[in-house]
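Structure below is model_34.txt: compact mmCIF, C-alpha atoms.
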# COMPACT_ATOMS: atom_id res chain seq x y z
CA MET A 1 -5.04 28.45 -26.65
CA ASN A 2 -5.46 24.70 -26.01
CA LYS A 3 -1.89 24.46 -24.79
CA LYS A 4 -2.46 27.35 -22.38
CA ARG A 5 -5.62 25.71 -21.08
CA SER A 6 -3.83 22.39 -20.49
CA VAL A 7 -0.97 24.16 -18.66
CA ASP A 8 -3.53 25.94 -16.47
CA GLN A 9 -5.28 22.68 -15.79
CA ASP A 10 -2.01 20.98 -14.91
CA THR A 11 -1.04 23.83 -12.58
CA ARG A 12 -4.45 23.76 -10.92
CA ARG A 13 -4.22 19.99 -10.49
CA ARG A 14 -0.80 20.21 -8.89
CA ARG A 15 -1.93 23.00 -6.61
CA ALA A 16 -5.01 21.03 -5.54
CA LEU A 17 -2.82 18.01 -4.79
CA MET A 18 -0.52 20.14 -2.65
CA VAL A 19 -3.46 21.54 -0.71
CA PHE A 20 -4.78 18.02 -0.25
CA GLN A 21 -1.42 16.78 1.06
CA ILE A 22 -1.16 19.67 3.51
CA LEU A 23 -4.68 19.02 4.77
CA ILE A 24 -4.31 15.27 5.18
CA TYR A 25 -0.87 15.33 6.80
CA GLY A 26 -1.94 18.29 8.90
CA TYR A 27 -4.92 16.31 10.14
CA LEU A 28 -2.76 13.31 11.01
CA LEU A 29 -0.21 15.50 12.77
CA ALA A 30 -2.98 17.27 14.71
CA LEU A 31 -4.41 13.98 15.97
CA PHE A 32 -0.95 12.72 16.85
CA LEU A 33 -0.34 15.88 18.88
CA ILE A 34 -3.73 15.50 20.62
CA GLN A 35 -2.74 11.95 21.59
CA LEU A 36 0.67 13.15 22.81
CA HIS A 37 -1.04 15.81 24.91
CA MET A 38 -3.35 13.18 26.41
CA TYR A 39 -0.29 11.01 27.09
CA SER A 40 1.30 13.87 29.03
CA VAL A 41 -1.74 14.53 31.23
CA ARG A 42 -3.15 11.04 31.77
CA ASP A 43 -1.87 8.20 33.86
CA TRP A 44 -1.24 5.76 31.00
CA MET B 1 23.40 -0.67 -44.74
CA THR B 2 21.86 -2.37 -47.76
CA THR B 3 18.37 -1.72 -48.98
CA SER B 4 17.34 -5.24 -48.10
CA ALA B 5 18.41 -4.73 -44.47
CA LEU B 6 15.93 -1.87 -44.16
CA SER B 7 13.08 -3.70 -45.82
CA LEU B 8 9.80 -3.95 -43.99
CA PRO B 9 9.99 -7.64 -42.97
CA ASN B 10 13.41 -7.08 -41.35
CA LEU B 11 12.24 -4.05 -39.40
CA SER B 12 9.18 -5.93 -38.32
CA ASN B 13 11.31 -8.87 -37.18
CA ALA B 14 13.60 -6.57 -35.18
CA TYR B 15 10.58 -5.01 -33.50
CA ASP B 16 9.01 -8.38 -32.71
CA ASP B 17 12.33 -9.64 -31.39
CA HIS B 18 12.69 -6.57 -29.13
CA GLN B 19 9.13 -6.99 -27.87
CA GLU B 20 9.67 -10.67 -27.12
CA LYS B 21 12.95 -9.99 -25.27
CA SER B 22 11.27 -7.23 -23.26
CA ARG B 23 8.34 -9.49 -22.36
CA GLN B 24 10.69 -12.25 -21.21
CA ALA B 25 12.83 -9.86 -19.15
CA GLN B 26 9.74 -8.40 -17.46
CA ARG B 27 8.35 -11.85 -16.72
CA ARG B 28 11.67 -12.96 -15.22
CA ALA B 29 11.89 -9.89 -12.97
CA ASP B 30 8.22 -10.25 -11.99
CA ARG B 31 8.73 -13.86 -10.92
CA TRP B 32 11.27 -12.73 -8.31
CA LEU B 33 9.37 -9.60 -7.36
CA MET B 34 6.10 -11.48 -6.90
CA SER B 35 7.71 -14.33 -4.94
CA GLY B 36 9.41 -11.83 -2.63
CA THR B 37 6.17 -9.89 -2.20
CA ILE B 38 4.15 -12.99 -1.34
CA VAL B 39 6.72 -14.10 1.24
CA MET B 40 6.95 -10.57 2.72
CA GLY B 41 3.15 -10.41 2.80
CA THR B 42 3.11 -13.24 5.33
CA LEU B 43 4.64 -10.81 7.86
CA ILE B 44 6.52 -13.50 9.81
CA LEU B 45 8.72 -14.42 6.81
CA GLY B 46 9.28 -10.80 5.79
CA LEU B 47 13.06 -10.91 6.11
CA ILE B 48 13.26 -13.94 3.82
CA GLY B 49 11.14 -12.27 1.15
CA PHE B 50 13.14 -9.04 1.04
CA PRO B 51 16.26 -10.39 -0.75
CA LEU B 52 14.05 -12.16 -3.29
CA PHE B 53 12.33 -8.86 -3.96
CA LEU B 54 15.68 -7.06 -4.30
CA ARG B 55 16.86 -9.66 -6.81
CA GLY B 56 13.75 -8.89 -8.89
CA LEU B 57 14.49 -5.17 -8.70
CA VAL B 58 18.06 -5.75 -9.91
CA LEU B 59 16.75 -7.72 -12.90
CA GLN B 60 14.25 -4.95 -13.64
CA VAL B 61 16.97 -2.26 -13.58
CA ARG B 62 19.25 -4.35 -15.80
CA ALA B 63 16.47 -4.83 -18.36
CA GLN B 64 15.77 -1.10 -18.32
CA ARG B 65 19.45 -0.27 -18.83
CA ALA B 66 19.63 -2.76 -21.70
CA GLY B 67 17.02 -0.65 -23.48
CA LEU B 68 14.21 -3.17 -23.24
CA ALA B 69 10.60 -1.97 -23.09
CA VAL B 70 9.82 -2.88 -19.47
CA ARG B 71 7.52 -1.32 -16.87
CA PRO B 72 8.72 2.02 -15.37
CA MET B 73 10.44 1.57 -12.00
CA VAL B 74 8.05 3.89 -10.15
CA CYS B 75 5.06 1.78 -11.30
CA THR B 76 6.85 -1.39 -10.21
CA LEU B 77 7.62 -0.07 -6.73
CA LEU B 78 4.17 1.43 -6.26
CA GLY B 79 2.29 -1.67 -7.44
CA TYR B 80 4.24 -4.07 -5.24
CA LEU B 81 4.08 -1.71 -2.25
CA VAL B 82 0.29 -1.69 -2.55
CA ILE B 83 0.22 -5.51 -2.72
CA ILE B 84 2.36 -5.77 0.43
CA ASP B 85 0.22 -3.14 2.18
CA SER B 86 -3.00 -5.02 1.33
CA ALA B 87 -1.51 -8.37 2.33
CA LEU B 88 -0.18 -7.16 5.69
CA ASN B 89 -3.41 -5.39 6.59
CA SER B 90 -5.47 -8.39 5.54
CA ILE B 91 -3.41 -11.00 7.38
CA GLY B 92 -3.39 -9.20 10.72
CA TRP B 93 -7.05 -8.29 10.70
CA SER B 94 -8.17 -11.64 9.22
CA LEU B 95 -6.37 -13.45 12.03
CA ASP B 96 -8.17 -11.25 14.53
CA MET B 97 -11.53 -11.76 12.85
CA VAL B 98 -11.58 -15.49 12.10
CA ALA B 99 -8.63 -17.05 13.97
CA HIS B 100 -8.87 -15.15 17.24
CA HIS B 101 -8.82 -18.27 19.43
CA THR B 102 -5.76 -19.94 17.88
CA LEU B 103 -2.71 -20.18 20.10
CA ILE B 104 -0.46 -18.26 17.69
CA ASN B 105 -2.97 -15.43 17.43
CA ARG B 106 -3.57 -15.19 21.16
CA THR B 107 0.20 -15.08 21.64
CA ILE B 108 1.23 -12.65 18.91
CA LEU B 109 -1.69 -10.22 18.79
CA THR B 110 -2.12 -9.83 22.51
CA ALA B 111 1.65 -9.41 22.95
CA TRP B 112 1.56 -6.71 20.30
CA GLY B 113 -1.49 -5.20 22.02
CA ASN B 114 0.35 -5.17 25.31
CA MET B 115 3.24 -3.33 23.69
CA VAL B 116 1.53 -0.59 21.67
CA ASP B 117 -2.25 -0.92 21.29
CA GLY B 118 -4.51 -1.84 24.22
CA GLY B 119 -7.34 -2.49 21.76
CA TYR B 120 -5.72 -5.89 21.19
CA PHE B 121 -5.29 -6.64 24.88
CA TRP B 122 -8.21 -5.07 26.76
CA HIS B 123 -11.12 -7.60 26.96
CA TYR B 124 -9.55 -9.61 24.14
CA ASN B 125 -11.83 -12.43 22.89
CA GLU B 126 -14.67 -11.28 25.14
CA LEU B 127 -17.05 -9.98 22.43
CA TRP B 128 -19.54 -12.48 20.90
CA ILE B 129 -17.50 -12.35 17.68
CA GLY B 130 -14.12 -12.74 19.45
CA GLY B 131 -10.85 -10.96 18.78
CA SER B 132 -10.24 -7.32 19.58
CA GLY B 133 -12.77 -5.76 21.92
CA ALA B 134 -11.83 -2.15 21.14
CA PRO B 135 -14.81 0.04 20.21
CA GLY B 136 -15.29 0.14 16.45
CA GLU B 137 -12.38 -2.16 15.61
CA LYS B 138 -14.50 -5.06 14.37
CA ALA B 139 -16.56 -2.76 12.15
CA TRP B 140 -13.37 -1.56 10.46
CA GLU B 141 -12.22 -5.15 9.94
CA ILE B 142 -15.54 -6.26 8.42
CA ALA B 143 -15.73 -3.24 6.13
CA LEU B 144 -12.15 -3.06 5.00
CA ILE B 145 -10.89 -6.63 4.49
CA PRO B 146 -13.51 -7.86 1.99
CA VAL B 147 -14.12 -4.52 0.31
CA VAL B 148 -11.08 -2.27 0.31
CA PHE B 149 -8.11 -4.58 0.61
CA CYS B 150 -9.42 -7.17 -1.89
CA MET B 151 -10.18 -4.37 -4.33
CA ARG B 152 -6.80 -2.82 -3.70
CA LEU B 153 -4.99 -6.11 -4.33
CA ALA B 154 -6.81 -6.59 -7.65
CA ALA B 155 -6.15 -2.97 -8.64
CA ALA B 156 -2.42 -3.32 -7.90
CA ILE B 157 -2.19 -6.43 -10.09
CA GLY B 158 -3.95 -4.60 -12.94
CA PHE B 159 -1.68 -1.61 -12.38
CA LEU B 160 1.43 -3.80 -12.62
CA GLN B 161 0.08 -5.15 -15.91
CA MET B 162 -0.15 -1.49 -17.02
CA LYS B 163 -3.90 -1.75 -17.59
CA ARG B 164 -6.07 1.36 -17.64
CA TRP B 165 -8.53 -0.18 -15.17
CA GLY B 166 -5.64 -0.95 -12.79
CA HIS B 167 -4.61 2.71 -12.79
CA GLN B 168 -8.20 3.89 -12.29
CA TRP B 169 -8.99 1.47 -9.49
CA LEU B 170 -5.72 2.20 -7.76
CA ILE B 171 -6.80 5.85 -7.64
CA VAL B 172 -10.18 4.80 -6.21
CA THR B 173 -8.64 2.59 -3.53
CA CYS B 174 -5.99 5.18 -2.64
CA TRP B 175 -8.84 7.58 -1.89
CA PHE B 176 -10.41 4.79 0.18
CA GLY B 177 -7.11 4.86 2.05
CA VAL B 178 -7.75 8.48 2.97
CA ILE B 179 -11.16 7.54 4.39
CA ILE B 180 -9.65 4.60 6.27
CA TRP B 181 -6.92 6.64 7.94
CA VAL B 182 -9.00 9.70 8.70
CA GLY B 183 -11.59 7.44 10.36
CA TYR B 184 -9.23 5.00 12.03
CA VAL B 185 -6.97 7.65 13.57
CA ALA B 186 -10.08 9.51 14.78
CA ASN B 187 -11.23 6.26 16.40
CA MET B 188 -7.81 5.79 18.04
CA THR B 189 -7.98 9.30 19.45
CA VAL B 190 -11.60 9.20 20.64
CA PHE B 191 -11.00 5.87 22.42
CA ALA B 192 -7.40 6.68 23.36
CA ASP B 193 -8.01 5.66 26.98
CA VAL B 194 -8.89 2.13 25.87
CA ARG B 195 -6.01 1.96 23.41
CA PHE B 196 -3.18 3.36 25.48
CA THR B 197 -3.84 2.71 29.16
CA ASN B 198 -1.17 0.43 30.67
CA VAL B 199 0.56 -0.39 27.38
CA VAL B 200 4.36 -0.42 27.21
CA PHE B 201 4.81 2.26 24.47
CA PRO B 202 1.70 4.40 24.40
CA VAL B 203 1.07 6.70 21.40
CA ILE B 204 4.62 6.81 20.01
CA GLY B 205 4.90 3.03 19.67
CA TRP B 206 1.64 2.82 17.75
CA TRP B 207 2.62 5.65 15.38
CA ILE B 208 6.05 4.19 14.67
CA TYR B 209 4.47 0.84 13.83
CA ASP B 210 1.56 2.20 11.81
CA ILE B 211 3.24 5.00 9.89
CA PHE B 212 4.18 2.45 7.22
CA TYR B 213 0.52 1.67 6.61
CA ILE B 214 -0.28 5.35 6.07
CA THR B 215 1.19 5.18 2.58
CA PRO B 216 -1.85 5.40 0.24
CA PHE B 217 -1.68 9.19 0.23
CA LEU B 218 1.84 9.16 -1.11
CA ALA B 219 0.67 7.61 -4.37
CA ILE B 220 -2.25 9.97 -5.01
CA PRO B 221 -0.26 12.89 -6.52
CA TYR B 222 1.65 10.54 -8.82
CA LEU B 223 -1.47 8.69 -9.95
CA HIS B 224 -3.26 11.95 -10.76
CA THR B 225 -0.38 13.45 -12.74
CA VAL B 226 1.10 10.45 -14.57
CA ASN B 227 0.60 10.30 -18.34
CA ARG B 228 -2.45 8.03 -18.66
CA GLU B 229 -1.47 7.02 -22.18
CA ILE B 230 1.15 4.60 -20.82
CA PHE B 231 -1.71 2.39 -19.55
CA SER B 232 -3.51 0.24 -22.11
CA ASP B 233 -7.25 -0.41 -22.44

Re-express the file's structure as structure tokens.
Amino acid sequence: MNKKRSVDQDTRRRRALMVFQILIYGYLLALFLIQLHMYSVRDW
Amino acid sequence: MTTSALSLPNLSNAYDDHQEKSRQAQRRADRWLMSGTIVMGTLILGLIGFPLFLRGLVLQVRAQRAGLAVRPMVCTLLGYLVIIDSALNSIGWSLDMVAHHTLINRTILTAWGNMVDGGYFWHYNELWIGGSGAPGEKAWEIALIPVVFCMRLAAAIGFLQMKRWGHQWLIVTCWFGVIIWVGYVANMTVFADVRFTNVVFPVIGWWIYDIFYITPFLAIPYLHTVNREIFSD
């Protein structure tokens, strides 16, 4: 029972970390792409 | 093996001997690793520090292969990476905050600004506080150097000593890293016209240079899943 709970907790933790990584790198990539778009349309 | 060879005092001596050898090997490797890290943390002397650091890594691997009880390699790399990250961030921003009128700073930072980040070129040294005139930049410097990077440096040292508080505070400061980069990149994008107008390598140059600094996130999954029992109270 305890072992099952700890496995569940570990799985949930790993899943949460994956979601976090996708969100944070997704955010950075999105802002990079926004900057690239601005670079293409502005006279920098 | 005779009975006397297995007696308690002999076992205890063997254990103490192993512990002492491990401690010495770790200290020897750390001397090289720390020297290399300090030299690399100066930025300008980075290439000199790198071989010193590598020598420390070789000693660490040898000690591990010899079966000595030394720090895990991933902790070693992570701890020293955080120290270098804190040092490099601190030195650049400290120069901009308190040494903005020195010749070396006006030469290096504005040249860098001209190449990739107009925030360090546009109206440089024209604010009452001096240094970068980019919107928001000074607020980041004031908030992050004394609070985050000092805390991060202390946490990394505790982490390298395998202390529980070092592990906990490294987690805290890695999450600070998320706040820093979410905010700072948003600032770069909102004021992109200030940052990238008339610079030599707009956008791509800045990202190539700064991608190294966006490392705190990499450590978060490891820090949250590592066995906490390896850190001592």

* Structure fact -> As a check of understanding: the span from CA of Trp122 (chain B) to CA of Pro135 (chain B) is 10.6 Å

* May I have the residues of chain A within 9 Å of chain B, counting all atoms listed in the file, written as an NGL selection string? => :A and (10 or 13-14 or 17-18 or 21 or 24 or 27-28 or 31-32 or 34-36 or 38-39 or 42-44)

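Take CA of Asp30 (chain B) and CA of Leu57 (chain B): the distance between them is 8.7 Å.
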
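One finds CA of Met40 (chain B) at 10.0 Å from CA of Ile83 (chain B).
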
So that I can see what lies close to Arg106 (chain B), please list as a CSV table (one decimal) with C-alpha atoms, in the coordinates of the input the residues with an atom at most 10 Å from it, counting only C-alpha atoms and leaving out residues fewer than 3 positions away in the same chain.
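Done, and the output landed in result_5.csv:
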chain,number,residue,atom,x,y,z
B,95,LEU,CA,-6.4,-13.4,12.0
B,96,ASP,CA,-8.2,-11.2,14.5
B,99,ALA,CA,-8.6,-17.0,14.0
B,100,HIS,CA,-8.9,-15.2,17.2
B,101,HIS,CA,-8.8,-18.3,19.4
B,102,THR,CA,-5.8,-19.9,17.9
B,103,LEU,CA,-2.7,-20.2,20.1
B,109,LEU,CA,-1.7,-10.2,18.8
B,110,THR,CA,-2.1,-9.8,22.5
B,111,ALA,CA,1.6,-9.4,23.0
B,112,TRP,CA,1.6,-6.7,20.3
B,120,TYR,CA,-5.7,-5.9,21.2
B,121,PHE,CA,-5.3,-6.6,24.9
B,124,TYR,CA,-9.6,-9.6,24.1
B,125,ASN,CA,-11.8,-12.4,22.9
B,131,GLY,CA,-10.8,-11.0,18.8

I'd like the neighbourhood of Ser232 (chain B) as a compact mmCIF listing (two decimals) with C-alpha atoms, in the frame of the given file, where a residue qualifies if any of its atoms comes within 10 Å (using all atoms listed in the file), though same-chain residues fewer than 5 positions away should be ignored.
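Result written to around.txt:
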# COMPACT_ATOMS: atom_id res chain seq x y z
CA GLN B 161 0.08 -5.15 -15.91
CA MET B 162 -0.15 -1.49 -17.02
CA LYS B 163 -3.90 -1.75 -17.59
CA ARG B 164 -6.07 1.36 -17.64
CA TRP B 165 -8.53 -0.18 -15.17
CA GLY B 166 -5.64 -0.95 -12.79
CA HIS B 167 -4.61 2.71 -12.79

* To do: Show which residues sit within 10 Å of Leu77 (chain B), as a list of chain:residue names. Count all atoms listed in the file, and ignore same-chain residues fewer than 4 positions away.
  => B:Leu33, B:Leu57, B:Pro72, B:Met73, B:Leu81, B:Val82, B:Leu160

* Using all atoms listed in the file, which residues sit within 10 Å of Ile145 (chain B) once same-chain residues fewer than 6 positions away are excluded, as an MDAnalysis selection string? -> chainID B and resid 86:87 89:91 93:94 97 151:152

* Counting all atoms listed in the file, what is within 10 Å of Ile180 (chain B), bar same-chain residues fewer than 4 positions away, as a PyMOL selection string? -> chain B and resi 140+143-144+148+174-176+184-186+214+216
